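Novice: Structure below; questions to follow.
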Amino acid sequence: MEQTIASQVKWAVEELIHLAKMRAGQILVVGCSTSEVRGSTIGTSGSQEIAQAIIRPLLEATYHNQIYLAVQCCEHLNRALVVERALLQTYPFLEEVAVRPIAAAGGALAAQAIEHYADPTVIETIQAHAALDIGETLIGMHLKAVAVPVRLSIRQIGNARLTAARTRPKLIGGHRACYD
């Protein structure tokens, strides 16, 4: 099962990066319920094995494309995000918070991010450029103001519904304005 999940995640993240036209230095936020991936109700049966299968292709794709990965914690940590500390130098307005996600408070994927990142830290909020939501974990609060749905060719990771989004700049200026 983990091999299939890893393949599905690899396909989804690479497709989103391509379709969203993500550039180096941009941020991809991922929310995930490993319970939903395994076919259970969100928050009832998290899995470190499934989280490991998910984090590896996420890290590979974001590293390869020089994109920052932000992993959303569960509601027990107010949906804080695990990020690499280097993100704080690129986006200095982000504020570090003092917490360490574990599987029971933060979620399995956030706990795996803490273990797999070179220099992890946790921040309270972010405005990401694109997002993957695995299992309807409500990642929209961490996107820039104008989110646009992205229809991926894959609609599920394991048993969890998959939702993807990108963002675009606000269109301002009214009827006389010109847009690219």
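How things are named: the first chain in the structure tokens is A, the next is B, and so on; residues count from 1 in each chain; ligands count from 1 in the order shown.
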Using DSSP on the backbone coordinates, identify the residues of chain A assigned to strand (DSSP E); present them as JSON, numbers by chain.
Specialist: {"A": [27, 28, 29, 30, 31, 32, 68, 69, 70, 71, 72, 81, 82, 83, 84, 96, 97, 120, 121, 122, 123, 130, 131, 132, 133, 134, 147, 148, 149, 150, 156, 157, 160, 161, 162, 163, 164, 165, 166, 167]}
Novice: Excluding Ala145 in chain A and residues on its chain fewer than 4 positions from it, collect all residues at most 10 Å away from it, counting only C-alpha atoms, and give them as a PDB file with N, CA and C atoms, in the first residue's frame.
Specialist:
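Saved as out.pdb:
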```pdb
ATOM      1  N   GLN A 127       1.390  32.284   3.714  1.00  0.00           N
ATOM      2  CA  GLN A 127       0.599  32.551   2.518  1.00  0.00           C
ATOM      3  C   GLN A 127       1.299  31.865   1.356  1.00  0.00           C
ATOM      4  N   ALA A 128       0.922  30.628   1.120  1.00  0.00           N
ATOM      5  CA  ALA A 128       1.585  29.799   0.116  1.00  0.00           C
ATOM      6  C   ALA A 128       1.080  30.104  -1.291  1.00  0.00           C
ATOM      7  N   HIS A 129       1.879  29.678  -2.262  1.00  0.00           N
ATOM      8  CA  HIS A 129       1.569  29.881  -3.671  1.00  0.00           C
ATOM      9  C   HIS A 129       0.735  28.746  -4.259  1.00  0.00           C
ATOM     10  N   GLY A 140      -6.874  25.853   2.939  1.00  0.00           N
ATOM     11  CA  GLY A 140      -7.135  27.148   2.320  1.00  0.00           C
ATOM     12  C   GLY A 140      -6.695  28.340   3.136  1.00  0.00           C
ATOM     13  N   MET A 141      -6.691  28.208   4.463  1.00  0.00           N
ATOM     14  CA  MET A 141      -6.282  29.324   5.321  1.00  0.00           C
ATOM     15  C   MET A 141      -4.814  29.694   5.137  1.00  0.00           C
ATOM     16  N   THR A 167      -2.375  29.881  -6.661  1.00  0.00           N
ATOM     17  CA  THR A 167      -2.853  31.225  -6.404  1.00  0.00           C
ATOM     18  C   THR A 167      -2.435  32.132  -7.546  1.00  0.00           C
ATOM     19  N   ARG A 168      -3.077  33.274  -7.614  1.00  0.00           N
ATOM     20  CA  ARG A 168      -2.701  34.284  -8.600  1.00  0.00           C
ATOM     21  C   ARG A 168      -2.788  35.641  -7.929  1.00  0.00           C
ATOM     22  N   PRO A 169      -2.110  36.649  -8.499  1.00  0.00           N
ATOM     23  CA  PRO A 169      -2.223  37.998  -7.942  1.00  0.00           C
ATOM     24  C   PRO A 169      -3.657  38.514  -8.075  1.00  0.00           C
ATOM     25  N   LYS A 170      -4.044  39.414  -7.188  1.00  0.00           N
ATOM     26  CA  LYS A 170      -5.347  40.068  -7.281  1.00  0.00           C
ATOM     27  C   LYS A 170      -5.365  40.925  -8.544  1.00  0.00           C
TER      28      LYS A 170
END
```
Novice: Pick from A:Asn159, A:Asn78, A:Gln72, A:Gln52: nearest to Ser40 in chain A, with only C-alpha atoms counted?
Specialist: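 Ranked by minimum distance to Ser40 in chain A, first place goes to A:Asn159.
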Novice: Please compute the CA of Ala160 in chain A-CA of Arg56 in chain A distance, one decimal, in Å.
Specialist: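 Answer for the CA of Ala160 in chain A to CA of Arg56 in chain A separation: 18.0 Å.
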Novice: Within 6 Å of Ala70 in chain A, counting only C-alpha atoms, which residues qualify if same-chain residues fewer than 2 places away don't, as a compact mmCIF listing (two decimals) with all heavy atoms, in the first residue's frame?
Specialist:
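Final output, around-v2.txt:
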```
# COMPACT_ATOMS: atom_id res chain seq x y z
N VAL A 29 2.13 24.36 0.27
CA VAL A 29 1.64 23.87 1.55
C VAL A 29 0.89 22.56 1.32
O VAL A 29 0.18 22.41 0.33
CB VAL A 29 0.74 24.92 2.27
CG1 VAL A 29 -0.53 25.20 1.51
CG2 VAL A 29 0.41 24.49 3.68
N LEU A 81 2.47 25.13 10.92
CA LEU A 81 3.15 24.52 9.79
C LEU A 81 4.60 24.20 10.11
O LEU A 81 5.31 25.02 10.69
CB LEU A 81 3.12 25.48 8.60
CG LEU A 81 1.72 25.91 8.18
CD1 LEU A 81 1.61 27.39 8.15
CD2 LEU A 81 1.34 25.28 6.88
N VAL A 82 5.04 23.03 9.68
CA VAL A 82 6.43 22.63 9.80
C VAL A 82 7.13 23.06 8.51
O VAL A 82 6.68 22.73 7.41
CB VAL A 82 6.59 21.11 10.01
CG1 VAL A 82 8.06 20.74 10.14
CG2 VAL A 82 5.79 20.65 11.22
N VAL A 83 8.23 23.81 8.67
CA VAL A 83 8.99 24.30 7.52
C VAL A 83 10.48 24.16 7.81
O VAL A 83 10.88 23.98 8.96
CB VAL A 83 8.66 25.78 7.21
CG1 VAL A 83 7.19 25.95 6.83
CG2 VAL A 83 9.04 26.70 8.35
```
Novice: List the neighbours of range 2-10 of chain A out to 7 Å using only C-alpha atoms; skip same-chain residues closer than 2 positions along the sequence, and give me the result as an NGL selection string.
Specialist: :A and (12-14 or 50 or 53-54 or 57-58 or 157-158)
Novice: Would you mind exporting N, CA and C atoms of the selected residues as a PDB file, in the first residue's frame?
Specialist:
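Output file selection01.pdb is given in full below:
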```
ATOM      1  N   ALA A  12       1.051  13.469  -8.165  1.00  0.00           N
ATOM      2  CA  ALA A  12       0.240  14.643  -7.831  1.00  0.00           C
ATOM      3  C   ALA A  12       1.105  15.884  -7.617  1.00  0.00           C
ATOM      4  N   VAL A  13       2.167  15.758  -6.845  1.00  0.00           N
ATOM      5  CA  VAL A  13       2.991  16.942  -6.543  1.00  0.00           C
ATOM      6  C   VAL A  13       3.723  17.428  -7.793  1.00  0.00           C
ATOM      7  N   GLU A  14       4.214  16.534  -8.604  1.00  0.00           N
ATOM      8  CA  GLU A  14       4.893  16.956  -9.828  1.00  0.00           C
ATOM      9  C   GLU A  14       3.915  17.603 -10.808  1.00  0.00           C
ATOM     10  N   ILE A  50       2.392   5.438   6.520  1.00  0.00           N
ATOM     11  CA  ILE A  50       1.797   6.177   5.404  1.00  0.00           C
ATOM     12  C   ILE A  50       2.426   7.561   5.311  1.00  0.00           C
ATOM     13  N   ALA A  53       5.643   7.356   3.535  1.00  0.00           N
ATOM     14  CA  ALA A  53       5.441   7.165   2.098  1.00  0.00           C
ATOM     15  C   ALA A  53       5.055   8.471   1.410  1.00  0.00           C
ATOM     16  N   ILE A  54       4.436   9.374   2.150  1.00  0.00           N
ATOM     17  CA  ILE A  54       4.003  10.656   1.586  1.00  0.00           C
ATOM     18  C   ILE A  54       5.111  11.695   1.637  1.00  0.00           C
ATOM     19  N   PRO A  57       8.281  11.591  -1.400  1.00  0.00           N
ATOM     20  CA  PRO A  57       8.113  12.203  -2.725  1.00  0.00           C
ATOM     21  C   PRO A  57       7.848  13.712  -2.662  1.00  0.00           C
ATOM     22  N   LEU A  58       7.232  14.179  -1.580  1.00  0.00           N
ATOM     23  CA  LEU A  58       7.038  15.625  -1.420  1.00  0.00           C
ATOM     24  C   LEU A  58       8.384  16.334  -1.312  1.00  0.00           C
ATOM     25  N   ILE A 157      -5.451  10.020  -3.019  1.00  0.00           N
ATOM     26  CA  ILE A 157      -4.223   9.406  -2.521  1.00  0.00           C
ATOM     27  C   ILE A 157      -4.700   8.324  -1.568  1.00  0.00           C
ATOM     28  N   GLY A 158      -4.463   7.080  -1.920  1.00  0.00           N
ATOM     29  CA  GLY A 158      -5.057   5.999  -1.142  1.00  0.00           C
ATOM     30  C   GLY A 158      -6.562   6.154  -1.199  1.00  0.00           C
TER      31      GLY A 158
END
```
Novice: Could you check the closest approach to Arg23 in chain A for each of A:Ile126, A:Tyr68, A:Gly46, A:Thr90 and tell me which residue wins, using only C-alpha atoms?
Specialist: A:Tyr68
Novice: With a distance cut-off of 9 Å and only C-alpha atoms, select the neighbouring residues of Ala131 in chain A, excluding the residue or stretch itself and same-chain residues fewer than 3 positions from it, and output the selection as an MDAnalysis selection string.
Specialist: chainID A and resid 16 27:31 128 139:140 142:143 163:167
Novice: Compile the contact shell of Gln156 in chain A as a ChimeraX atom specification: residues with an atom at most 9 Å away, counting only C-alpha atoms, same-chain residues fewer than 5 positions apart removed.
Specialist: /A:8,37,134-135,161-163
Novice: Those residues you just picked out, can you put them in a file as a PDB file, in the first residue's frame with C-alpha atoms?
Specialist:
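Dumped to selection-v5.pdb:
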```
ATOM      1  CA  GLN A   8       0.335   8.713  -6.245  1.00  0.00           C
ATOM      2  CA  VAL A  37      -5.522   7.861   3.254  1.00  0.00           C
ATOM      3  CA  ILE A 134      -4.937  15.089   1.074  1.00  0.00           C
ATOM      4  CA  GLY A 135      -8.065  14.063   2.965  1.00  0.00           C
ATOM      5  CA  ARG A 161      -9.837  12.816  -1.577  1.00  0.00           C
ATOM      6  CA  LEU A 162      -7.198  15.051  -3.153  1.00  0.00           C
ATOM      7  CA  THR A 163      -7.720  18.768  -3.702  1.00  0.00           C
TER       8      THR A 163
END
```
Novice: Have a look at A:Asp133, A:Asp180, A:Glu36, A:Glu60 and name the one nearest to His116 in chain A; count only C-alpha atoms.
Specialist: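 Distance minimum relative to His116 in chain A lands on A:Glu60.
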Novice: Pick from A:Arg155, A:Leu77, A:Arg38, A:Ala147: nearest to Ile123 in chain A, with only C-alpha atoms counted?
Specialist: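 Result for the nearest residue to Ile123 in chain A: A:Leu77.
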Novice: One decimal, in Å: what's the spacing between CA of Ala61 in chain A and CA of His18 in chain A?
Specialist: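 Between these atoms lies a distance of 10.9 Å.
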Novice: With a distance cut-off of 8 Å and only C-alpha atoms, select the neighbouring residues of Met22 in chain A, excluding the residue or stretch itself and same-chain residues fewer than 2 positions from it, and output the selection as a compact mmCIF listing (two decimals) with N, CA, C and O atoms, in the first residue's frame.
Specialist:
```txt
# COMPACT_ATOMS: atom_id res chain seq x y z
N ILE A 17 3.05 21.16 -9.43
CA ILE A 17 4.16 22.09 -9.64
C ILE A 17 4.18 22.56 -11.10
O ILE A 17 4.35 23.74 -11.39
N HIS A 18 3.93 21.62 -12.02
CA HIS A 18 3.91 21.96 -13.44
C HIS A 18 2.70 22.83 -13.79
O HIS A 18 2.85 23.89 -14.41
N LEU A 19 1.50 22.40 -13.41
CA LEU A 19 0.28 23.13 -13.79
C LEU A 19 0.20 24.50 -13.12
O LEU A 19 -0.32 25.45 -13.71
N ALA A 20 0.70 24.62 -11.91
CA ALA A 20 0.69 25.90 -11.20
C ALA A 20 1.84 26.80 -11.63
O ALA A 20 1.93 27.94 -11.17
N ALA A 24 11.15 28.62 -8.43
CA ALA A 24 12.06 28.47 -7.30
C ALA A 24 11.77 29.56 -6.27
O ALA A 24 11.51 30.71 -6.62
N GLN A 26 9.20 29.66 -4.27
CA GLN A 26 7.79 29.72 -3.89
C GLN A 26 7.48 28.63 -2.86
O GLN A 26 8.31 27.76 -2.58
N ILE A 67 11.60 24.54 -4.32
CA ILE A 67 10.36 25.08 -3.76
C ILE A 67 10.35 24.74 -2.27
O ILE A 67 10.78 23.65 -1.87
N HIS A 129 1.88 29.68 -2.26
CA HIS A 129 1.57 29.88 -3.67
C HIS A 129 0.73 28.75 -4.26
O HIS A 129 0.08 28.94 -5.29
N ALA A 130 0.79 27.57 -3.65
CA ALA A 130 0.04 26.41 -4.14
C ALA A 130 -0.16 25.44 -2.98
O ALA A 130 0.51 25.55 -1.94
```
Novice: Which is closer to Cys32 in chain A than all the others in A:His64, A:His175, A:Lys144, A:Arg79, using only C-alpha atoms?
Specialist: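 Under the stated criterion, the closest residue is A:Arg79.
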